[in-house]
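Asker: Have a look at this one before I ask anything.
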Amino acid sequence: MKKVLIIGGGFAGLNLAKKLSKSSGHEVILVDQHNYHFFPPLLYQVATAFIEPSNISYPFRKLFQQKGIRFFMGKLEEIFPKEKKILTDNGELNYDVLVLGMGAETNYFGNNEISKYALPMKTIEDAVEMRNHILLQLEKAVRAREFDEKIRLSNIVIAGGGPTGVELAGMMAEMGRNILSKDYPEANFKMGKIFLIDGLDTLLAPMSKKSQGEAIKVLRDLGVEVLLGTLVEGYDGRNVALSDGTMIESATLIWASGVMGRSVKGVPNDQIGKGRRILVDENNKIEGLDDVYVIGDQCLQLTDKKFPNGHPQLAQVAIQQGSLLGENLIGSVQGKTMKPFIYNDKGSMAIISKFKAVVDLPKGFFKGFFAWLVWLFIHIIPIAGFRNKVKLAFNWLWSFLTNDPTLRLIIRPGIKDLNNDDGG
Ligand SMILES: Cc1cc2nc3c(=O)[nH]c(=O)nc-3n(C[C@H](O)[C@H](O)[C@H](O)COP(=O)(O)OP(=O)(O)OC[C@H]3O[C@@H](n4cnc5c(N)ncnc54)[C@H](O)[C@@H]3O)c2cc1C
């Protein structure tokens, strides 16, 4: 039995683990810093209090029941390729084959001030923190005496006009329209604005021109201030400084602007490529290291002819790389040659607002209500667990019909210090 350690149970790691679980020649241990798998494309709905965190997350131990995959909760700290072992915050593990699938993290491009005060959108914790922060600012806005202060507290600035920025802006604008006057009847003031800012001259840059145009139009119709060709250059917690010299007073800056691969101590520096992604060959192996592979957002593969600068950091790439590496590892035990990874691009989509989405397929584009239905359908299929799918479908139906979900709760971590030093 070959012992395979998979670090990270995102789309890439989970698909690899599932594939390998069918092999009698492999012992599979999945290591993750969290005890649950989650679905990032719907984080923005958690951040806007539209769905619950549990709708898009699922415990690894429940997922792996009777599947022959073991789970180890721990945060990777370093790898030791020569000794074939890793160090986590919960101890050491050794391996025959090591696979890194730890994804990407927020890139503030070295701006410490922005990293200190802006809200990121990468994890469930980020989404819940964003929800709490926005609801708290609205409570403060209601109590504030000065008009300017009310506006500052209720202004929301989103940096980054990719799918996450577009989806957040659309959802927040809808909520502003449908919910605020009902929830805050005493406010009796005009709330602030939603600003969506991007350095390029368009939104949804990787999508088609038609999708980009539709996103800009729909968001502007909803009242979102879309500022293009403009960079967010600074933020001190009160004022957002833009590259054209403008200042926007806002208690909220959401950073949806950039990502970089998670760094791993022990990976040679000459194997780190653009966007801090780890360079891999056509089989996702790190050259020069024995039996160490990287899959998903964390890797940079330059061998696929259609993607000479590397693949986009998307769920489908991670899923397909995880599955192929699983097949290849099983095949290699049987003496077969590994197949190179070639990405099968099935298209991309983004939701803009209620009943409106855009879909780019390899051979066409469509938008509107049908695109929105397709988006919902496509995003419910990969959600882990049948009950989660049903709960999510019900929550969507309820929220879209009533325009008034009931999740606007400010729940913050407890402050009691249990002084628990037994590894908990
Ligand atoms: C807000 C948002 C919206 C998105 N929307 C879309 C979309 O609409 N369509 C699309 O295709 N893609 C979307 N993406 C991108 C997509 O989610 C990623 O491409 C995909 O998740 C990559 O999968 P992965 O397995 O490589 O990494 P991830 O899914 O990020 O998984 C990484 C795993 O590694 C674990 N981990 C990290 N560090 C450590 C450590 N030190 N030790 C142990 N475990 C660790 C994490 O806990 C996590 O479970 C979105 C991403 C975000 C953040």
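Identifiers in the structure tokens: chain A, B, ... in order shown; residue index from 1 per chain; ligand index from 1 in order shown.
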Extract, using only C-alpha atoms, all DNA, RNA and protein residues at most 6 Å from Arg152 (chain A), discarding same-chain residues fewer than 3 positions from it, and format them as JSON, numbers by chain.

Answerer: {"A": [149, 155, 249, 250, 251]}

Asker: If you run DSSP on the backbone, which residues of region 80-202 of chain A are strand (DSSP E or B), as a VMD selection string?

Answerer: chain A and resid 80 85 to 88 91 to 94 97 to 100 104 to 106 119 156 to 159 194 to 198

Asker: Measuring atom to atom with only C-alpha atoms, identify which of A:Val292, A:Gly331, A:Asp360, A:Ile51 is nearest to Lys82 (chain A).

Answerer: A:Val292

Asker: Enumerate the residues of region 173-404 of chain A with a DSSP assignment of alpha helix (DSSP H), computed from the backbone, and present them as a PyMOL selection string.

Answerer: chain A and resi 173-178+180-183+209-221+315-333+369-380+386-402

Asker: Would you mind exporting C-alpha atoms of the selected residues as a short mmCIF file (atom, residue, chain, number, x, y, z; two decimals), in the first residue's frame?

Answerer:
```
data_model
loop_
_atom_site.label_atom_id
_atom_site.label_comp_id
_atom_site.auth_asym_id
_atom_site.auth_seq_id
_atom_site.Cartn_x
_atom_site.Cartn_y
_atom_site.Cartn_z
CA ALA A 173 -27.85 46.40 -4.32
CA GLU A 174 -30.89 44.06 -4.35
CA MET A 175 -30.85 43.92 -0.55
CA GLY A 176 -30.63 47.70 -0.36
CA ARG A 177 -33.75 47.91 -2.50
CA ASN A 178 -35.81 45.17 -0.89
CA LEU A 180 -33.30 48.07 4.23
CA SER A 181 -36.42 50.19 4.49
CA LYS A 182 -38.29 47.27 6.10
CA ASP A 183 -35.52 46.37 8.55
CA LYS A 209 -17.49 41.27 -24.30
CA LYS A 210 -21.25 40.56 -24.26
CA SER A 211 -21.11 39.29 -20.66
CA GLN A 212 -19.02 42.26 -19.62
CA GLY A 213 -21.43 44.76 -21.19
CA GLU A 214 -24.45 43.07 -19.61
CA ALA A 215 -22.85 43.10 -16.13
CA ILE A 216 -22.03 46.81 -16.33
CA LYS A 217 -25.53 47.68 -17.57
CA VAL A 218 -27.44 45.61 -15.01
CA LEU A 219 -25.36 46.86 -12.07
CA ARG A 220 -25.64 50.51 -13.13
CA ASP A 221 -29.42 50.06 -13.50
CA ALA A 315 -13.19 25.07 -9.74
CA GLN A 316 -13.31 23.01 -12.98
CA VAL A 317 -9.53 23.11 -13.40
CA ALA A 318 -9.07 21.92 -9.79
CA ILE A 319 -11.68 19.15 -10.17
CA GLN A 320 -10.21 17.87 -13.44
CA GLN A 321 -6.61 17.96 -12.14
CA GLY A 322 -7.61 16.09 -8.94
CA SER A 323 -9.44 13.40 -10.92
CA LEU A 324 -6.67 12.90 -13.49
CA LEU A 325 -3.94 12.70 -10.85
CA GLY A 326 -6.03 10.04 -9.07
CA GLU A 327 -6.27 8.00 -12.29
CA ASN A 328 -2.56 8.49 -12.96
CA LEU A 329 -1.48 7.40 -9.46
CA ILE A 330 -3.66 4.29 -9.69
CA GLY A 331 -2.32 3.58 -13.18
CA SER A 332 1.31 4.04 -12.16
CA VAL A 333 0.98 1.31 -9.52
CA PHE A 369 -33.61 34.59 -16.61
CA PHE A 370 -32.65 31.34 -18.36
CA ALA A 371 -28.95 32.00 -17.66
CA TRP A 372 -29.87 32.67 -14.02
CA LEU A 373 -31.74 29.33 -13.79
CA VAL A 374 -28.78 27.50 -15.38
CA TRP A 375 -26.44 29.20 -12.87
CA LEU A 376 -28.58 28.02 -9.92
CA PHE A 377 -28.77 24.47 -11.30
CA ILE A 378 -25.02 24.23 -12.03
CA HIS A 379 -24.15 25.56 -8.57
CA ILE A 380 -26.40 23.21 -6.66
CA PHE A 386 -28.10 15.55 -0.47
CA ARG A 387 -29.63 17.32 2.54
CA ASN A 388 -27.49 20.40 1.85
CA LYS A 389 -28.72 20.49 -1.76
CA VAL A 390 -32.36 20.31 -0.61
CA LYS A 391 -31.85 22.91 2.13
CA LEU A 392 -30.09 25.26 -0.28
CA ALA A 393 -32.82 24.87 -2.93
CA PHE A 394 -35.47 25.59 -0.28
CA ASN A 395 -33.57 28.62 1.09
CA TRP A 396 -33.18 30.02 -2.42
CA LEU A 397 -36.85 29.51 -3.22
CA TRP A 398 -37.91 31.16 0.03
CA SER A 399 -35.47 34.06 -0.23
CA PHE A 400 -36.16 34.80 -3.89
CA LEU A 401 -39.94 34.62 -3.37
CA THR A 402 -40.08 36.73 -0.22
#
```

Asker: Counting only C-alpha atoms and all ligand atoms, what are the residues, protein, DNA or RNA alike, that approach ligand 1 to within 7 Å? I want them as an NGL selection string.

Answerer: :A and (7-13 or 31-34 or 37 or 39-44 or 74-77 or 101-104 or 121-123 or 163-164 or 262 or 295-298 or 313-316 or 318 or 349-350)

Asker: What does the distance from CA of Ser257 (chain A) to CA of Asn111 (chain A) come to in Å, to one decimal?

Answerer: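 So the answer is 12.3 Å.
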